[in-house]
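Shown below: my_file_35.txt, with compact mmCIF, C-alpha atoms.
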# COMPACT_ATOMS: atom_id res chain seq x y z
CA MET A 44 -153.36 -54.33 -122.89
CA ILE A 45 -151.45 -51.72 -120.88
CA GLU A 46 -154.34 -49.33 -120.26
CA ARG A 47 -156.79 -51.88 -118.86
CA PRO A 48 -154.66 -52.91 -115.84
CA ALA A 49 -153.97 -49.24 -115.19
CA ARG A 50 -157.70 -48.47 -115.18
CA SER A 51 -158.24 -51.46 -112.92
CA TRP A 52 -155.77 -50.08 -110.37
CA VAL A 53 -157.43 -46.65 -110.52
CA ARG A 54 -160.80 -48.29 -109.89
CA PHE A 55 -159.27 -50.36 -107.08
CA LEU A 56 -157.86 -47.25 -105.35
CA ARG A 57 -161.10 -45.34 -105.86
CA ASP A 58 -163.09 -48.12 -104.22
CA ARG A 59 -160.52 -48.43 -101.47
CA LEU A 60 -160.38 -44.72 -100.60
CA GLU A 61 -163.77 -43.86 -99.16
CA PHE A 62 -164.87 -40.25 -98.90
CA ARG A 63 -164.09 -40.18 -95.16
CA VAL A 64 -160.56 -41.44 -95.78
CA LEU A 65 -160.01 -38.86 -98.51
CA ALA A 66 -161.35 -36.18 -96.17
CA ALA A 67 -158.91 -37.34 -93.48
CA ILE A 68 -156.01 -37.14 -95.94
CA VAL A 69 -156.97 -33.57 -96.89
CA ALA A 70 -157.42 -32.59 -93.24
CA ALA A 71 -154.05 -34.10 -92.31
CA GLY A 72 -152.41 -32.10 -95.07
CA ALA A 73 -154.13 -28.94 -93.83
CA ALA A 74 -152.94 -29.62 -90.27
CA ILE A 75 -149.35 -30.06 -91.46
CA MET A 76 -149.57 -26.83 -93.47
CA ALA A 77 -150.93 -25.04 -90.40
CA PHE A 78 -147.99 -26.32 -88.34
CA LEU A 79 -145.52 -25.11 -90.96
CA GLN A 80 -147.21 -21.72 -91.09
CA VAL A 81 -147.03 -21.30 -87.31
CA SER A 82 -143.41 -22.44 -87.22
CA ASP A 83 -142.50 -20.02 -90.00
CA GLU A 84 -144.05 -17.08 -88.14
CA VAL A 85 -142.38 -18.13 -84.89
CA GLY A 86 -139.03 -18.39 -86.67
CA GLU A 87 -139.42 -14.83 -87.98
CA ASN A 88 -140.46 -13.60 -84.51
CA GLU A 89 -143.80 -12.40 -85.85
CA THR A 90 -145.75 -13.91 -82.95
CA ALA A 91 -143.84 -12.25 -80.10
CA LEU A 92 -146.50 -9.67 -79.24
CA PHE A 93 -149.29 -12.24 -79.41
CA ASP A 94 -147.37 -14.72 -77.27
CA ARG A 95 -146.56 -12.15 -74.60
CA ALA A 96 -150.09 -10.77 -74.50
CA VAL A 97 -151.79 -14.15 -74.10
CA LEU A 98 -149.25 -15.41 -71.57
CA LEU A 99 -149.64 -12.30 -69.41
CA TRP A 100 -153.44 -12.50 -69.70
CA PHE A 101 -153.24 -15.51 -67.37
CA ARG A 102 -151.29 -13.46 -64.79
CA ASP A 103 -152.17 -10.92 -62.12
CA PRO A 104 -151.43 -7.52 -63.75
CA SER A 105 -149.94 -6.23 -60.49
CA ASN A 106 -147.81 -9.34 -60.01
CA PRO A 107 -146.96 -11.33 -63.18
CA ALA A 108 -145.42 -14.06 -61.03
CA ASP A 109 -148.90 -14.91 -59.71
CA PRO A 110 -151.35 -16.75 -62.02
CA ILE A 111 -154.94 -15.53 -62.05
CA GLY A 112 -157.40 -17.39 -59.86
CA SER A 113 -157.11 -19.15 -56.54
CA ARG A 114 -154.45 -21.57 -55.36
CA THR A 115 -156.98 -24.32 -55.93
CA LEU A 116 -157.24 -23.36 -59.60
CA GLU A 117 -153.46 -23.34 -59.91
CA GLU A 118 -153.22 -26.80 -58.41
CA SER A 119 -156.03 -28.01 -60.67
CA MET A 120 -154.08 -26.77 -63.67
CA ARG A 121 -151.12 -28.87 -62.56
CA ASP A 122 -153.42 -31.90 -62.39
CA ILE A 123 -154.81 -31.15 -65.85
CA THR A 124 -151.36 -30.66 -67.38
CA ALA A 125 -150.41 -34.13 -66.09
CA LEU A 126 -153.10 -35.57 -68.41
CA GLY A 127 -150.80 -34.65 -71.31
CA GLY A 128 -147.59 -35.79 -69.67
CA PHE A 129 -145.38 -38.61 -70.87
CA THR A 130 -145.97 -40.85 -67.85
CA PHE A 131 -149.77 -40.63 -67.86
CA LEU A 132 -150.15 -40.99 -71.62
CA THR A 133 -147.72 -43.91 -71.71
CA LEU A 134 -149.78 -45.71 -69.07
CA ALA A 135 -153.00 -44.80 -70.90
CA THR A 136 -151.55 -46.12 -74.16
CA VAL A 137 -150.51 -49.41 -72.57
CA VAL A 138 -153.97 -49.88 -71.04
CA ALA A 139 -155.72 -48.95 -74.30
CA VAL A 140 -153.54 -51.26 -76.41
CA ALA A 141 -154.00 -54.14 -73.97
CA SER A 142 -157.78 -53.57 -73.97
CA LEU A 143 -157.94 -53.50 -77.78
CA LEU A 144 -155.94 -56.72 -77.99
CA PHE A 145 -158.19 -58.32 -75.37
CA PHE A 146 -161.23 -57.49 -77.49
CA ARG A 147 -159.49 -58.80 -80.60
CA LYS A 148 -158.85 -55.49 -82.30
CA PRO A 149 -155.19 -55.94 -83.26
CA ARG A 150 -155.09 -53.45 -86.15
CA GLN A 151 -156.55 -50.71 -83.98
CA ALA A 152 -154.03 -51.54 -81.26
CA ILE A 153 -151.11 -51.39 -83.68
CA VAL A 154 -152.22 -48.13 -85.29
CA PHE A 155 -152.86 -46.51 -81.91
CA ALA A 156 -149.49 -47.52 -80.45
CA ALA A 157 -147.65 -46.45 -83.61
CA THR A 158 -149.41 -43.08 -83.69
CA VAL A 159 -148.57 -42.23 -80.10
CA GLY A 160 -144.96 -43.33 -80.57
CA LEU A 161 -144.49 -41.34 -83.78
CA ALA A 162 -146.12 -38.25 -82.26
CA GLU A 163 -143.71 -38.39 -79.32
CA LEU A 164 -140.71 -38.91 -81.61
CA SER A 165 -141.68 -36.08 -83.95
CA SER A 166 -142.22 -33.69 -81.05
CA ASP A 167 -138.82 -34.47 -79.54
CA LEU A 168 -137.03 -34.08 -82.89
CA LEU A 169 -138.78 -30.82 -83.74
CA LYS A 170 -137.88 -29.37 -80.34
CA LEU A 171 -134.24 -29.96 -81.22
CA VAL A 172 -134.67 -28.47 -84.69
CA TYR A 173 -136.39 -25.25 -83.61
CA ASP A 174 -134.50 -24.92 -80.31
CA ARG A 175 -136.92 -22.31 -78.94
CA PRO A 176 -136.32 -21.22 -75.33
CA ARG A 177 -139.04 -21.56 -72.74
CA PRO A 178 -140.95 -18.40 -71.71
CA ASP A 179 -138.92 -16.19 -69.39
CA LEU A 180 -141.61 -13.62 -68.55
CA VAL A 181 -142.99 -15.51 -65.55
CA PRO A 182 -141.87 -18.29 -63.20
CA HIS A 183 -142.61 -21.80 -64.39
CA GLY A 184 -145.44 -23.50 -62.53
CA VAL A 185 -144.02 -26.99 -63.12
CA TYR A 186 -140.60 -28.44 -63.84
CA VAL A 187 -139.50 -28.37 -67.49
CA TYR A 188 -136.31 -29.68 -69.08
CA SER A 189 -136.71 -29.55 -72.87
CA HIS A 190 -137.10 -26.87 -75.54
CA SER A 191 -140.37 -25.03 -76.04
CA PHE A 192 -141.52 -25.50 -79.65
CA PRO A 193 -143.73 -27.40 -80.23
CA SER A 194 -145.46 -28.24 -76.96
CA GLY A 195 -144.95 -31.94 -76.32
CA HIS A 196 -147.95 -32.11 -73.99
CA SER A 197 -150.20 -30.56 -76.64
CA THR A 198 -148.84 -32.80 -79.40
CA LEU A 199 -149.18 -36.01 -77.42
CA SER A 200 -152.59 -35.21 -75.95
CA ALA A 201 -154.01 -34.35 -79.39
CA ALA A 202 -152.53 -37.45 -81.02
CA THR A 203 -153.52 -39.79 -78.19
CA TYR A 204 -157.01 -38.57 -77.34
CA LEU A 205 -158.14 -37.87 -80.92
CA THR A 206 -156.84 -41.21 -82.21
CA LEU A 207 -158.47 -43.05 -79.34
CA ALA A 208 -161.72 -41.21 -80.06
CA ALA A 209 -161.53 -42.26 -83.72
CA ILE A 210 -161.02 -45.89 -82.70
CA LEU A 211 -163.82 -45.88 -80.11
CA SER A 212 -166.24 -44.14 -82.46
CA SER A 213 -165.63 -46.80 -85.11
CA LEU A 214 -166.85 -49.47 -82.69
CA ASP A 215 -170.32 -47.96 -82.22
CA PRO A 216 -172.51 -46.70 -85.10
CA ARG A 217 -174.56 -44.27 -82.98
CA ARG A 218 -173.90 -40.63 -83.89
CA ARG A 219 -174.47 -39.41 -80.35
CA TYR A 220 -171.74 -41.75 -79.10
CA LYS A 221 -169.34 -40.55 -81.79
CA ALA A 222 -170.09 -36.93 -80.92
CA PHE A 223 -169.58 -37.69 -77.23
CA VAL A 224 -166.15 -39.32 -77.56
CA PHE A 225 -164.82 -36.68 -79.96
CA THR A 226 -166.13 -33.84 -77.81
CA LEU A 227 -164.46 -35.37 -74.77
CA ALA A 228 -161.18 -35.85 -76.67
CA ILE A 229 -161.19 -32.28 -77.97
CA LEU A 230 -161.98 -30.80 -74.54
CA LEU A 231 -159.17 -32.80 -72.93
CA THR A 232 -156.73 -31.69 -75.61
CA ILE A 233 -157.71 -28.04 -75.25
CA ALA A 234 -157.53 -28.20 -71.45
CA VAL A 235 -154.01 -29.64 -71.50
CA GLY A 236 -152.81 -26.97 -73.91
CA VAL A 237 -154.35 -24.11 -71.94
CA SER A 238 -152.80 -25.45 -68.72
CA ARG A 239 -149.32 -25.22 -70.29
CA VAL A 240 -149.78 -21.51 -71.01
CA TYR A 241 -151.42 -20.90 -67.62
CA LEU A 242 -148.44 -22.45 -65.84
CA GLY A 243 -146.06 -20.30 -67.87
CA VAL A 244 -144.08 -23.18 -69.37
CA HIS A 245 -145.10 -22.64 -73.01
CA TRP A 246 -145.81 -19.78 -75.36
CA PRO A 247 -149.32 -19.95 -76.88
CA THR A 248 -147.88 -20.63 -80.34
CA ASP A 249 -146.04 -23.65 -78.90
CA VAL A 250 -149.41 -25.05 -77.92
CA VAL A 251 -151.09 -24.23 -81.25
CA ALA A 252 -148.24 -25.91 -83.11
CA GLY A 253 -148.53 -28.95 -80.84
CA TRP A 254 -152.26 -29.18 -81.48
CA THR A 255 -151.79 -29.09 -85.26
CA LEU A 256 -148.97 -31.63 -85.17
CA GLY A 257 -150.90 -34.01 -82.91
CA ALA A 258 -154.06 -33.61 -84.98
CA ALA A 259 -152.08 -34.44 -88.13
CA TRP A 260 -150.90 -37.70 -86.58
CA ALA A 261 -154.45 -38.53 -85.44
CA LEU A 262 -155.80 -37.89 -88.94
CA LEU A 263 -153.08 -40.05 -90.48
CA ALA A 264 -154.10 -42.77 -88.03
CA ARG A 265 -157.66 -42.40 -89.30
CA VAL A 266 -156.36 -42.86 -92.84
CA ALA A 267 -154.44 -45.98 -91.81
CA LEU A 268 -157.50 -47.45 -90.13
CA GLY A 269 -159.60 -46.72 -93.20
CA LEU A 270 -157.13 -48.40 -95.54
CA TRP A 271 -156.37 -51.38 -93.31
CA ARG A 272 -159.64 -53.26 -92.95
CA GLY A 273 -158.78 -56.71 -91.78
CA GLU A 274 -157.65 -58.81 -94.71
CA THR A 275 -156.15 -57.11 -97.73
CA PRO A 276 -158.56 -57.38 -100.68
CA ALA A 277 -157.56 -59.33 -103.71
CA SER A 278 -155.48 -57.56 -106.34
CA PRO A 279 -157.37 -56.14 -109.31
CA PRO A 280 -157.59 -58.32 -112.40
CA GLN A 281 -154.63 -58.13 -114.73
CA THR A 282 -156.47 -58.92 -117.95
Could you show the structure in this file as structure tokens?
Amino acid sequence: MIERPARSWVRFLRDRLEFRVLAAIVAAGAAIMAFLQVSDEVGENETALFDRAVLLWFRDPSNPADPIGSRTLEESMRDITALGGFTFLTLATVVAVASLLFFRKPRQAIVFAATVGLAELSSDLLKLVYDRPRPDLVPHGVYVYSHSFPSGHSTLSAATYLTLAAILSSLDPRRRYKAFVFTLAILLTIAVGVSRVYLGVHWPTDVVAGWTLGAAWALLARVALGLWRGETPASPPQT
């Protein structure tokens, strides 16, 4: 009498957790482990040479204060970095949530808003925990006011764009559409992260940590969407 309900719950969870949801759980765990690995190496100062080398790669060897490329490229990088900023992503989140509610997708709207909010909160808290100074090798190309690790722009852009891609891809069964929205989301996320290093406001490992943290939140959002499918199914039989 005790084992049968237990087996029923196991069967219920097995049916509930599709392969894609299980894959998202595993991937989220891997992303969190990657973040912890990067943070551990940063804390032990094992990434100093790598950080300096990559940061200076984006600079004129004869004048480290001058980023490589033309002034137009430098200004373009400032425009790109704004795509991962708090103001732009807040506006994008409001528009996306309003659009999802308009098209009667309340669970997607709730998950998306919660993911962006939690990603922002986690980034702010972790900056306080790690308390890493901003790069001091080169002048900063834009104004900064918080700690360096992890990159908030990289965290938020990954969480926002990847979660939005997951939601949009779920609305259209075509594989080419799914590939398109995820490719676009990944390219935007990468571009924002690279712009932070180019402008000298983040160490490369700040950006990598931000990407892994944001990806973890996006994958957890995918899990939430997979588990929350409209109405909750009936409880398994208790006999």
Handout entry: From A:Phe225, A:Ala157, A:Val240, A:Leu270, residue lying nearest A:Ile111 [only C-alpha atoms]
Key =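 Counting only C-alpha atoms, the residue closest to A:Ile111 is A:Val240.
Shortest atom-to-atom contact with A:Pro182 among A:Ala67, A:Asp249, A:Glu87, A:Leu242: A:Leu242, counting all atoms listed in the file.
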Exercise for the section: Pick out the closest residue to A:Asp179 from this set: A:Val81, A:Val159, A:Leu99, A:Ala228. Count all atoms listed in the file. Expected result: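 That would be A:Leu99, the residue with the smallest distance to A:Asp179.
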Exercise for the section: Tell me, in Å to one decimal, how far atom CA of A:Gly236 is from atom CA of A:Gly86. Expected result: 20.6 Å
Handout entry: Spatial neighbours of A:Thr206, 7 Å, only C-alpha atoms, chain gap at least 5 places, as number ranges by chain
Key = A: 155, 261, 264
Please produce a file of those selected residues containing C-alpha atoms, as a tab-separated table (two decimals), in the coordinates of the input.
chain	number	residue	atom	x	y	z
A	155	PHE	CA	-152.86	-46.51	-81.91
A	261	ALA	CA	-154.45	-38.53	-85.44
A	264	ALA	CA	-154.10	-42.77	-88.03
Exercise for the section: With a distance cut-off of 10 Å and all atoms listed in the file, select the neighbouring residues of A:Ser194, excluding the residue or stretch itself and same-chain residues fewer than 5 positions from it, and output the selection as number ranges by chain. Expected result: A: 166-167, 169-170, 189, 199, 236, 239-240, 244-254, 256-257
Problem - A:Pro104, A:Gly269, A:Pro110, A:Gly243 ranked by distance to A:His183, top pick (using all atoms listed in the file) - result: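 Closest residue, counting all atoms listed in the file: A:Gly243.
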Exercise for the section: Quick one: residues within 12 Å of (-155.8, -24.6, -91.4) (file frame), counting all atoms listed in the file, please, as a PyMOL selection string. Expected result: chain A and resi 69-81+251-252+254-256+258-259
Practice task
Counting all atoms listed in the file, figure out which residue out of A:Leu143, A:Ala222, A:Val235, A:Ala91 gets nearest to A:Met120.
Solution key: A:Val235
Problem - Interatomic distance, atom CA of A:Val97 to atom CA of A:Leu262 (Å, one decimal) - result: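 That distance, rounded to one decimal, is 28.3 Å.
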Problem - Proximity to A:Leu207 - best of A:Val187, A:Ala139, A:Ala162, A:Val85, all atoms listed in the file - result: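 Among the listed residues, A:Ala139 lies closest to A:Leu207.
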Problem - Shell of 12 Å around A:Asp103, all atoms listed in the file, local chain residues under 5 positions omitted, as an NGL selection string - result: :A and (98 or 108-113 or 181 or 241)
